[in-house]
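Participant: One structure, as structure tokens, below. Some questions next.
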Amino acid sequence: MIKEYRKAYIEEFTEEKYKTLMDDLTQRFGEAPGFRVAETPIFIPHKLRQRLFDASADIMKVINRPDFKELTQGAFYNDEIIVPNEDDHPKFIQLDFGICLDEHGELTPKLIELQGFPSLFYYQEALARTYRKYFHIPEDFSIHPNSITHPEFLEFLRSEIVGDTDPKQVVLLEVEPEKQATAIDFYATEARLGIKILCITKLKKRGKTLFYLDEDGKEVKILKIYNRVIFDELYQRPDLKREFHFVDEVDVEWIGHPNWFFRISKYLMPFLKGDYVPKSYLLDKLDTLPSDLQNYVLKPLYSFAGTGVQINVTREIIEALPNKSNYLLQEKVTYHPVIETLDVPAKCEIRIMLLRSSKTNSMEIISNLVRLSKGEMVGVRYNKDKSWVGSSAGFFEI
């Protein structure tokens with residue numbers, strides 16, 4: 001997005017360098033990423049960086065409201081999904097912004113969705129270092145928008161996820177983690193923290209105690225769970241045989257309490273206002289549908305990876321829905337193709353990644369994730385057989 005650096009990167013780029021980059025990532029973690037990695041990072045100028053900060057601050061004003069839990073209690077579609085011992089504040093927040101043009105032709109972010117859930121912190125850190133290894137990235141650019149250094153970032157994550165706990169007693173929890181597209185981030189996290197990656201089916205439960213069996217068959221008591229389970233996937237897997245259910249009362253500390261997955265989700269979109277947020281409506285709360293439905297998308301509230309999104313909405317589609325309370329109607333966001341590539345420009349989505357500091361009790365912007373697209377939407381199925389698309393990282397002009 002900064003022309004001089006974009007031009008220099010394109011001139012430097014070769015397929016051989018890109019292949020070497022991919023080989024490096026694969027060898028480092030024992031397998032290739034489960035998603036396409038873009039040929040390029042992006043370079044984010046000062047003004048867009050500030051707008052991303054302003055947009056994040058606007059959203060945090062709502063999340064920090066004293067009545068926020070009351071405001072979002074309706075996010076739980078039944079009492080059976082409410083996990084005990086919820087903390088007062090979210091640990092992780094991810095804000096996904098499409099990059100558009102405002103009325104003056106300036107780059108501006110528009111919120112697409114948000115999550116009260118961890119993201120690919122360690123993979124993104126590794127990806128950024130790998131881009132730097134094989135391509136020239138100016139020294140005064142960083143993937144950390146708040147200007148923290150690489151060692152400070154790693155220590156911040158370690159202190160908030162593991163802290164003073166024995167890493168063996170901290171578990172990264174998933175559903176069949178080795179089969180997930182994001183498995184490479186789990187391996188990167190394990191390598192940095194020394195914690196245990198565990199499928200939910202491997203948890204053992206005795207009273208309120210959770211434990212797992214190590215390689216020698218010895219019991220290891222679990223004190224913390226770094227939760228990476230996506231509920232939408234979990235509830236579609238009745239075949240999983242497990243002793244532990246999220247509604248169980250257990251003596252563990254959640255690093256990212258599961259309830260925030262629901263509270264900070266697409267459910268929250270209608271409560272957010274401002275220049276950086278599209279108009280959004282909970283479908284079951286609408287008395288009258290907008291007359292310009294062609295300017296809206298229909299989204300399931302709790303699906304992930306774009307599953308179930310309707311981009312060509314009609315009254316017939318809406319009327320045929322069995323449960324309108326599970327859907328969001330959201331004004332379309334027009335991504336602008338701002339990333340020059342070897343052929344056509346790519347559209348860009350930037351995820352701002354936040355983590356709450358235990359020391360300051362405030363959310364801090366610590367990293368980012370980027371997706372590049374040349375299709376109708378951001379996602380693998382919309383970008384088949386295209387290059388210079390997929391997962392990437394943003395380097396901010398500091």
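We name chains A, B, ... following the order of the structure tokens; residues begin at 1 in each chain, and ligands are numbered from 1 as shown.
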I want to know what sits within 8 Å of region 165-172 of chain A, based on only C-alpha atoms, with residues of the same chain fewer than 2 positions away left out; could you give that as a VMD selection string?

Facilitator: chain A and resid 162 to 163 174 186 193 to 198 220 to 228

Participant: Residues of region 81-255 of chain A classed as alpha helix (DSSP H) by DSSP on the backbone are to be reported as a ChimeraX atom specification.

Facilitator: /A:121-134,150-161,183-193,231-234

Participant: Taking only C-alpha atoms into account, which of A:Pro90, A:Gly274, A:Pro84, A:Pro145 comes nearest Leu369 (chain A)?

Facilitator: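 Among the listed residues, A:Pro145 lies closest to Leu369 (chain A).
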
Participant: Separation of CA of Met363 (chain A) and CA of Ile59 (chain A), in Å?

Facilitator: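 These atoms are spaced 11.5 Å apart.
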
Participant: Give me, as a PyMOL selection string, the residues of region 4-246 of chain A that a backbone DSSP run labels strand (DSSP E).

Facilitator: chain A and resi 42-44+92-101+107-115+141-142+170-174+196-199+204-206+209-213+219-221+224-227

Participant: For Glu39 (chain A), work out the shell of residues within 9 Å, counting only C-alpha atoms and skipping chain neighbours fewer than 2 positions away, then give it as a list in words.

Facilitator: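 With the cut-off at 9 Å, the set is Phe13, Glu15, Tyr18, Val37, Pro41, Ser387, Trp388, Val389, Gly390 and Ser392 of chain A.
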
Participant: Keeping only N, CA and C atoms, write the selected residues as a short mmCIF file (atom, residue, chain, number, x, y, z; two decimals), in the first residue's frame.

Facilitator:
```
data_model
loop_
_atom_site.label_atom_id
_atom_site.label_comp_id
_atom_site.auth_asym_id
_atom_site.auth_seq_id
_atom_site.Cartn_x
_atom_site.Cartn_y
_atom_site.Cartn_z
N PHE A 13 10.98 -9.84 -6.26
CA PHE A 13 10.33 -11.14 -6.12
C PHE A 13 10.75 -12.12 -7.21
N GLU A 15 9.92 -16.56 -8.03
CA GLU A 15 9.24 -17.78 -7.58
C GLU A 15 10.16 -18.66 -6.75
N TYR A 18 10.16 -17.46 -3.20
CA TYR A 18 8.89 -17.82 -2.55
C TYR A 18 8.87 -19.30 -2.19
N VAL A 37 -0.31 -19.48 1.61
CA VAL A 37 0.47 -18.33 2.08
C VAL A 37 0.73 -17.42 0.88
N PRO A 41 3.97 -9.83 1.79
CA PRO A 41 3.35 -9.12 2.91
C PRO A 41 2.77 -7.81 2.37
N SER A 387 -2.93 -16.45 -7.76
CA SER A 387 -1.67 -16.27 -7.05
C SER A 387 -1.67 -14.91 -6.36
N TRP A 388 -0.71 -14.72 -5.45
CA TRP A 388 -0.61 -13.51 -4.63
C TRP A 388 -1.89 -13.29 -3.83
N VAL A 389 -2.42 -14.38 -3.32
CA VAL A 389 -3.59 -14.35 -2.44
C VAL A 389 -3.31 -15.27 -1.26
N GLY A 390 -4.11 -15.13 -0.21
CA GLY A 390 -4.01 -16.02 0.94
C GLY A 390 -3.51 -15.32 2.18
N SER A 392 -1.20 -13.67 4.96
CA SER A 392 -0.03 -12.79 4.88
C SER A 392 0.14 -12.05 6.19
#
```

Participant: Could you please determine the separation between CA of Leu301 (chain A) and CA of Pro177 (chain A) in Å, to one decimal place?

Facilitator: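 CA of Pro177 (chain A) lies at a distance of 23.5 Å from CA of Leu301 (chain A).
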
Participant: Name all residues at most 7 Å from region 208-212 of chain A (count only C-alpha atoms; drop same-chain ones fewer than 3 positions away) and give them as a list in words.

Facilitator: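 The neighbour list is Lys202, Leu203, Lys204, Lys205, Glu219, Val220, Lys221, Ile222, Glu249, Val250 and Asp251 of chain A.
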